[in-house]
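Novice: Quick one: the structure is below, and I'll ask about it shortly.
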Amino acid sequence: MTEAQEPSQKRWAHLRKILERPGPFCHPEFEPSPEIMDFIVTSCKILVVGAGGLGCELLKDLALMGFKQIHVIDMDTIDLSNLNRQFLFRQKDIGQSKAKVAAEFINRRIPGCQVTPHFCKIQDYDEGFYRSFHIIVCGLDSIVARRWINGMIMSLLCYEDGVLDNSTIIPLVDGGTEGFKGNARVIVPGNSACVECTLDLYPPQVTYPLCTIANTPRLPEHCIEYVKVVMWPKENPFNAALDGDDTQHVGWIYEKSLERAAQFNITGVTYRLVQGVVKNIIPAVASTNAVIAGVCATEVFKIATSCCLPLNNYMVFNDVDGIYTYTYTAERKDNCVVCSQVPQTLLIPDATKMKLKDLIQTLCEDETYQMKNPGLTTTVGGKNKTLYISTIKSIEERTRDNLNKSLVELGLKDGSEIMVADATTPMTLVFCLKFQSSDVEMN
Amino acid sequence: MDGLTEKRYERQIQLWGVQGQTSLRNSKVCLINADATGTEALKNLILAGVGSFTIVDDTTVKEVDYGNNFFIAEGKLDHSRAECTYELLQELNPEVTGNFISEGVLTILKTEPTFFDKFSLVIGANLTERILQYVGRDLWDKNIPLILVFAYGMIAYVRIVHALHTVVQGHVDNLPHDFQCDAPFPALKKLITTTDLDSLDSTQLRDVPYLLIILFYLKKWLELHSGRPPETRIEKDEFKKLIQEGGKKFSEGNEVNFEEAFSFAFYAWRRSEIPSNVLEVFRHPCCDSLTKKSDTFWFLARAVRDFTFYDNNGRLPLRGVLPDMTAGTANYSQLLLLYQQEAVKHASMVSARVHNLLLRCGLPEDYIDDEEIKTICENSATLKCFEGTSLQHEEARLDDFNVQPAEVFSWYFCLKAARFFQRRYGHSPGTGTSNYLGDLLTLKSCLAEVLNEMKSNRKIEDEYLIELCRFGASEIHSVAACASGIAAQEGIKVLTRQFYPLNNALIVDTVTGQAVSFRV
């Protein structure tokens, strides 16, 4: 048998020891057998979401754990600053699709491996696509995207008479890194905590208060932020949106920041600092990605083979000072908006005073919902009514006036249901309005 | 560093700065054993931009390598594994130079005992006990850091072997500010004396930075209490009340700066003490006996020490930075400038001492540049030295401490037993041709010998040993990748001399997804 043919038994000798020998720390239902490796190599279908720092590592790890049916999805193209960690890319690949180049590299390096790339957004696919995978593993850098995938998998669950059909469960392994910190978690839909259950793990980004930036800057960062947030939109120097990778744009911000800093006698504005503030650069190194991806890939392997119990269910990693790790079981939220079967209610203190824009603000700012740009519809008198959708220009213009109308003015009543769509979830969420003001009830 | 290089490393320069990146570029790394574990560790270092690497491996490529090693091209059975892995690792980063030696490390050392001298870091992947001990001894004597990585079934083990490591930039989170309210420098004292919050109207009051508010009320307090700062719980509460009352005097809207002063009031009674990690550095024999051969760290540390005790009343040099404080720009800038100017004074005094020490040891004044002196003055609170443990002196003293989770720590002893077994019988447990559990009893007696040698009465259940036999020294790629990521990052810490390293061992159990770090 030559190497060019199907991989020989010997190639996977390391893995076979784990899969063909029983042991006391295995999954209680694990039955060692050569068929498990065969399943991994021929049938098990994995989706890798993201082909960046974590994605490249995941693809390599999965390919070297025997998986051959791998799909990878990423909408980004390759940049020079990726090359310190996204090792499937070279200088000549700059500008090309990450998913495509990554897939080609793996397929070339590991014969028999069939990575299929998807150069598009995760939102471009529907349930039909996601349903076809055994396990989904994410290496994303966006919380919104994470929530979307989470919402998608939850929407695939089928309940019959309140009992979950286990065949509709697609486990999700999720990894995240930032500098020297990382985390890995295993989500078994319908069983363990989902991304939405633990939304409080993702605190909102800290921003500088506008009054400081505008009136009393003290730090060089305040000066740069002012130029970025106030002067750029006003002066529109290049007739384009600010692009942190455009040296001309950054140069302009740098010049103006120096001027502003000089006005206030503030020192410390450097080109690098400007880049940092403008691009909001998240530090990233190969090693943290390798660690987290390694953990995630091991979990995928464990889930696919049942050789061990999976991580239960959240691991935190930090190697700034020595090595710090902590593993715990994140708990499900009983009334989770996405994964509980509990209908969601919104308490409205005074529906005659509360305007639609206030309701939207609540949906965005409340810790439980943290929506980005919710679009709302409802039914009034048996007919569909669009309350407000900001993402489609014509509808936005048509419904803009609704923002300043009170909920009662819009025809909503105690018990009315509103349907909410948002970037953070592929599903439409239904909320039941509960009015608290007794005046309204009397009407 | 040219623009393209800086762009390539942009995301990591955010972490360790241009200085750190330059240190990486000036380093030479040696990898012993180019298996999956070794190549993964080296890959991370090559991507990070080390100057050069050398691969030492005397084995030839086997079919089983294709099952877990990313850096071997197809069609290379029986070729030198050192050469094959070198080829695919080299092309990861055009800025790094590499080479390979297709010989065993013990053979090399016999003909070239100074082989390792040129390296800044050595990584050993899944080394056998015999090679471990030999190489470990050689590197220990030369104070060349050795990072060992093992991937064994579902378990991984990382061990740092480095006699003495020193760190200036610890990048410690939440380091207390060095306001030094207990001993304001002359210029600051002058500002406090000329500050009269009582005479300000509400608009002016809102512009005062919290540090100045604290200092103002502290001055009042000291006058009323014969120079004694608040000490008891009651006194501290009284002091905080002073601030609160001051803020209420002009009650028009929220006084954020007074709220900040209230939360940070403890700086009024916080004594400017030297952290224990710094004292340890100051007391280290290397700090006293400086010679031409001393590491630059000790010249710098000694200069800071002498400045601290002879020039600055037992206080470390000022960092010269202030956190942001809600205040008017002019007031904040004025306060910041005072701290910056004082810090510059301190730095120049430290600098003079550095030059003096260098000259006394027969070294040129410019042996250490101003940048380094500035760095140590800004980071004097995070100075730390790490004394390692040689492989010959590993003890189970941690048995007495509560290393948690205990069930993960047990693997440390088990892996040692497995290496012990391999040394004595020439193969790892569970890899012979017979039934893999046939090695169980022998492995058990090896473990007993290991525990005995380490003077440990630890009880380890048979299940661990059964699992060890089951693993049969398998090298699972994802486990290796995870462990090697950790090892590589520790390598970067050692090479950049930034961030505190693992001190000094770690076990990762991918069965439960837990890890435990401990000191042997």
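Identifiers in this document derive from the order of the structure tokens: chains are assigned A, B, ..., residues are numbered from 1 separately in each chain, and ligands are numbered from 1 in order of occurrence.
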Under the rule of at most 6 Å, produce a per-residue listing of chain B near chain A: chain, number, name, the closest pair of atoms, and the distance in Å, as a Markdown table, using only C-alpha atoms.

Specialist:
```
| residue | atom | partner | partner_atom | distance |
| --- | --- | --- | --- | --- |
| B:Lys7 | CA | A:Ser81 | CA | 5.4 |
| B:Arg8 | CA | A:Ser81 | CA | 4.4 |
| B:Tyr9 | CA | A:Asn84 | CA | 5.8 |
| B:Arg11 | CA | A:Pro283 | CA | 4.5 |
| B:Gln12 | CA | A:Val285 | CA | 5.6 |
| B:Gln14 | CA | A:Pro283 | CA | 5.7 |
| B:Asn44 | CA | A:Ala286 | CA | 5.7 |
| B:Leu47 | CA | A:Asn84 | CA | 5.1 |
| B:Ala48 | CA | A:Asn84 | CA | 5.9 |
| B:Glu63 | CA | A:Arg11 | CA | 5.3 |
| B:Val64 | CA | A:Arg11 | CA | 4.4 |
| B:Tyr66 | CA | A:Arg11 | CA | 5.9 |
| B:Gly67 | CA | A:Arg11 | CA | 4.6 |
| B:Asn68 | CA | A:Leu64 | CA | 5.3 |
| B:Gly328 | CA | A:Thr216 | CA | 5.4 |
| B:Thr329 | CA | A:Thr216 | CA | 5.2 |
| B:Glu463 | CA | A:Pro24 | CA | 5.9 |
| B:Glu467 | CA | A:Gly23 | CA | 5.6 |
| B:Ser474 | CA | A:His14 | CA | 4.7 |
| B:Glu475 | CA | A:His14 | CA | 5.9 |
| B:Ser478 | CA | A:Gly294 | CA | 4.5 |
| B:Ala481 | CA | A:Gly294 | CA | 5.4 |
| B:Cys482 | CA | A:Val291 | CA | 4.0 |
| B:Gly485 | CA | A:Ser287 | CA | 4.4 |
| B:Gln489 | CA | A:Ser287 | CA | 5.7 |
| B:Tyr500 | CA | A:Asp321 | CA | 4.8 |
| B:Pro501 | CA | A:Gly322 | CA | 4.7 |
| B:Leu502 | CA | A:Gly322 | CA | 3.8 |
| B:Thr512 | CA | A:Leu311 | CA | 5.8 |
| B:Gly513 | CA | A:Leu311 | CA | 5.4 |
```

Novice: Got a sec: who's within 8 Å of region 435-447 of chain B, counting only C-alpha atoms, leaving out chain neighbours fewer than 5 positions off, as a list in words?

Specialist: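 My reading of the contact set: Phe413, Cys414, Lys416, Ala417, Ala418, Phe420, Phe421, Pro429, Gly430, Asp462, Leu465, Ile466, Cys469, Arg470 and Gly472 of chain B.
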
Novice: Using only C-alpha atoms, which residues sit within 9 Å of region 94-98 of chain A once same-chain residues fewer than 3 positions away are excluded, as a ChimeraX atom specification?

Specialist: /A:50-52,73-80,88-91,101-103,117,119

Novice: For the selection just defined, write its residues with N, CA and C atoms to a file, as an mmCIF file, in the first residue's frame.

Specialist:
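Output (out05.cif):
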```cif
data_model
loop_
_atom_site.group_PDB
_atom_site.id
_atom_site.type_symbol
_atom_site.label_atom_id
_atom_site.label_comp_id
_atom_site.auth_asym_id
_atom_site.auth_seq_id
_atom_site.Cartn_x
_atom_site.Cartn_y
_atom_site.Cartn_z
ATOM 1 N N GLY A 50 -15.265 30.199 10.819
ATOM 2 C CA GLY A 50 -14.137 31.115 10.972
ATOM 3 C C GLY A 50 -12.857 30.451 10.493
ATOM 4 N N ALA A 51 -12.111 31.140 9.642
ATOM 5 C CA ALA A 51 -10.839 30.587 9.141
ATOM 6 C C ALA A 51 -9.712 31.543 9.489
ATOM 7 N N GLY A 52 -9.794 32.125 10.680
ATOM 8 C CA GLY A 52 -8.757 33.066 11.119
ATOM 9 C C GLY A 52 -7.783 32.387 12.052
ATOM 10 N N ILE A 73 -16.296 28.131 6.927
ATOM 11 C CA ILE A 73 -16.988 29.316 6.419
ATOM 12 C C ILE A 73 -16.363 30.577 6.998
ATOM 13 N N ASP A 74 -16.047 31.532 6.132
ATOM 14 C CA ASP A 74 -15.449 32.800 6.588
ATOM 15 C C ASP A 74 -15.638 33.841 5.496
ATOM 16 N N MET A 75 -16.058 35.049 5.885
ATOM 17 C CA MET A 75 -16.331 36.067 4.865
ATOM 18 C C MET A 75 -15.141 36.997 4.627
ATOM 19 N N ASP A 76 -14.073 36.791 5.386
ATOM 20 C CA ASP A 76 -12.933 37.707 5.314
ATOM 21 C C ASP A 76 -11.891 37.352 4.260
ATOM 22 N N THR A 77 -11.068 38.375 3.943
ATOM 23 C CA THR A 77 -9.904 38.123 3.091
ATOM 24 C C THR A 77 -8.641 38.307 3.922
ATOM 25 N N ILE A 78 -7.537 37.808 3.368
ATOM 26 C CA ILE A 78 -6.285 37.752 4.119
ATOM 27 C C ILE A 78 -5.555 39.094 4.146
ATOM 28 N N ASP A 79 -5.051 39.430 5.338
ATOM 29 C CA ASP A 79 -4.317 40.685 5.529
ATOM 30 C C ASP A 79 -2.921 40.370 6.066
ATOM 31 N N LEU A 80 -1.971 41.265 5.816
ATOM 32 C CA LEU A 80 -0.596 41.029 6.265
ATOM 33 C C LEU A 80 -0.521 40.791 7.777
ATOM 34 N N LEU A 88 -1.851 29.190 7.656
ATOM 35 C CA LEU A 88 -2.165 28.550 6.381
ATOM 36 C C LEU A 88 -2.032 29.564 5.240
ATOM 37 N N PHE A 89 -1.731 30.813 5.606
ATOM 38 C CA PHE A 89 -1.648 31.874 4.608
ATOM 39 C C PHE A 89 -0.217 32.365 4.468
ATOM 40 N N ARG A 90 0.111 32.801 3.239
ATOM 41 C CA ARG A 90 1.425 33.363 2.977
ATOM 42 C C ARG A 90 1.263 34.757 2.385
ATOM 43 N N GLN A 91 2.372 35.435 2.253
ATOM 44 C CA GLN A 91 2.341 36.797 1.727
ATOM 45 C C GLN A 91 1.631 36.860 0.382
ATOM 46 N N VAL A 101 -8.300 29.716 0.740
ATOM 47 C CA VAL A 101 -6.870 29.441 0.846
ATOM 48 C C VAL A 101 -6.603 28.413 1.933
ATOM 49 N N ALA A 102 -7.317 28.539 3.052
ATOM 50 C CA ALA A 102 -7.144 27.579 4.149
ATOM 51 C C ALA A 102 -7.501 26.178 3.692
ATOM 52 N N ALA A 103 -8.641 26.051 3.018
ATOM 53 C CA ALA A 103 -9.080 24.737 2.558
ATOM 54 C C ALA A 103 -8.066 24.118 1.605
ATOM 55 N N PRO A 117 -14.575 24.997 1.298
ATOM 56 C CA PRO A 117 -14.644 26.380 1.777
ATOM 57 C C PRO A 117 -15.957 27.057 1.400
ATOM 58 N N PHE A 119 -16.933 31.039 1.114
ATOM 59 C CA PHE A 119 -16.497 32.429 1.225
ATOM 60 C C PHE A 119 -17.742 33.306 1.288
#
```

Novice: Can you pull out every residue within 9 Å of Arg458 (chain B), counting only C-alpha atoms, but drop anything in the same chain fewer than 2 positions away, and send it as a PyMOL selection string?

Specialist: chain B and resi 399+410+451+456+460

Novice: How would the residues just picked look written out with all heavy atoms as a compact mmCIF listing (two decimals), in the first residue's frame?

Specialist:
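Saved file result.txt follows:
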```
# COMPACT_ATOMS: atom_id res chain seq x y z
N ASP B 399 3.37 17.50 47.71
CA ASP B 399 2.45 16.53 48.28
C ASP B 399 1.80 17.09 49.54
O ASP B 399 0.66 16.79 49.84
CB ASP B 399 3.26 15.29 48.68
CG ASP B 399 2.71 14.06 48.00
OD1 ASP B 399 1.83 14.20 47.13
OD2 ASP B 399 3.16 12.97 48.33
N SER B 410 -2.02 13.97 40.06
CA SER B 410 -1.54 12.58 40.10
C SER B 410 -0.84 12.18 38.81
O SER B 410 0.07 11.36 38.82
CB SER B 410 -2.69 11.62 40.36
OG SER B 410 -3.18 11.79 41.66
N LEU B 451 7.93 7.19 43.59
CA LEU B 451 7.39 7.86 44.79
C LEU B 451 8.37 7.74 45.94
O LEU B 451 8.56 8.69 46.71
CB LEU B 451 6.03 7.26 45.16
CG LEU B 451 4.89 7.58 44.19
CD1 LEU B 451 3.65 6.78 44.52
CD2 LEU B 451 4.57 9.06 44.22
N SER B 456 7.73 10.45 48.79
CA SER B 456 6.32 10.79 48.82
C SER B 456 5.49 9.60 49.25
O SER B 456 5.76 8.48 48.84
CB SER B 456 5.88 11.23 47.42
OG SER B 456 4.48 11.23 47.33
N ILE B 460 -1.92 6.65 44.66
CA ILE B 460 -2.46 6.85 43.30
C ILE B 460 -3.19 5.58 42.88
O ILE B 460 -2.63 4.49 42.89
CB ILE B 460 -1.32 7.17 42.31
CG1 ILE B 460 -0.75 8.55 42.67
CG2 ILE B 460 -1.84 7.19 40.87
CD1 ILE B 460 0.43 8.98 41.84
```

Novice: Running DSSP on the backbone, which parts of region 336-440 of chain A land in helix (DSSP H, G or I), as a list in words?

Specialist: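 Answer for region 336-440 of chain A restricted to helix (DSSP H, G or I) is Leu356, Lys357, Asp358, Leu359, Ile360, Gln361, Thr362, Leu363, Cys364, Glu365, Lys393, Ser394, Ile395, Glu396, Glu397, Arg398, Thr399, Arg400, Asp401, Asn402, Leu403, Asn404, Ser438, Asp439 and Val440 of chain A.
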
Novice: Which is closest to Val172 (chain B) among B:Asn379, B:Ser27, B:Ser202, B:Thr60, if we use only C-alpha atoms?

Specialist: B:Asn379

Novice: If we count only C-alpha atoms and set the cut-off at 7 Å, which residues sit around region 384-394 of chain B, ignoring sequence neighbours fewer than 2 positions away in its own chain? Please answer as JSON, numbers by chain.

Specialist: {"B": [133, 136, 140, 161, 162, 163, 164, 165, 166, 167, 168, 277, 278, 281, 382, 396, 520]}
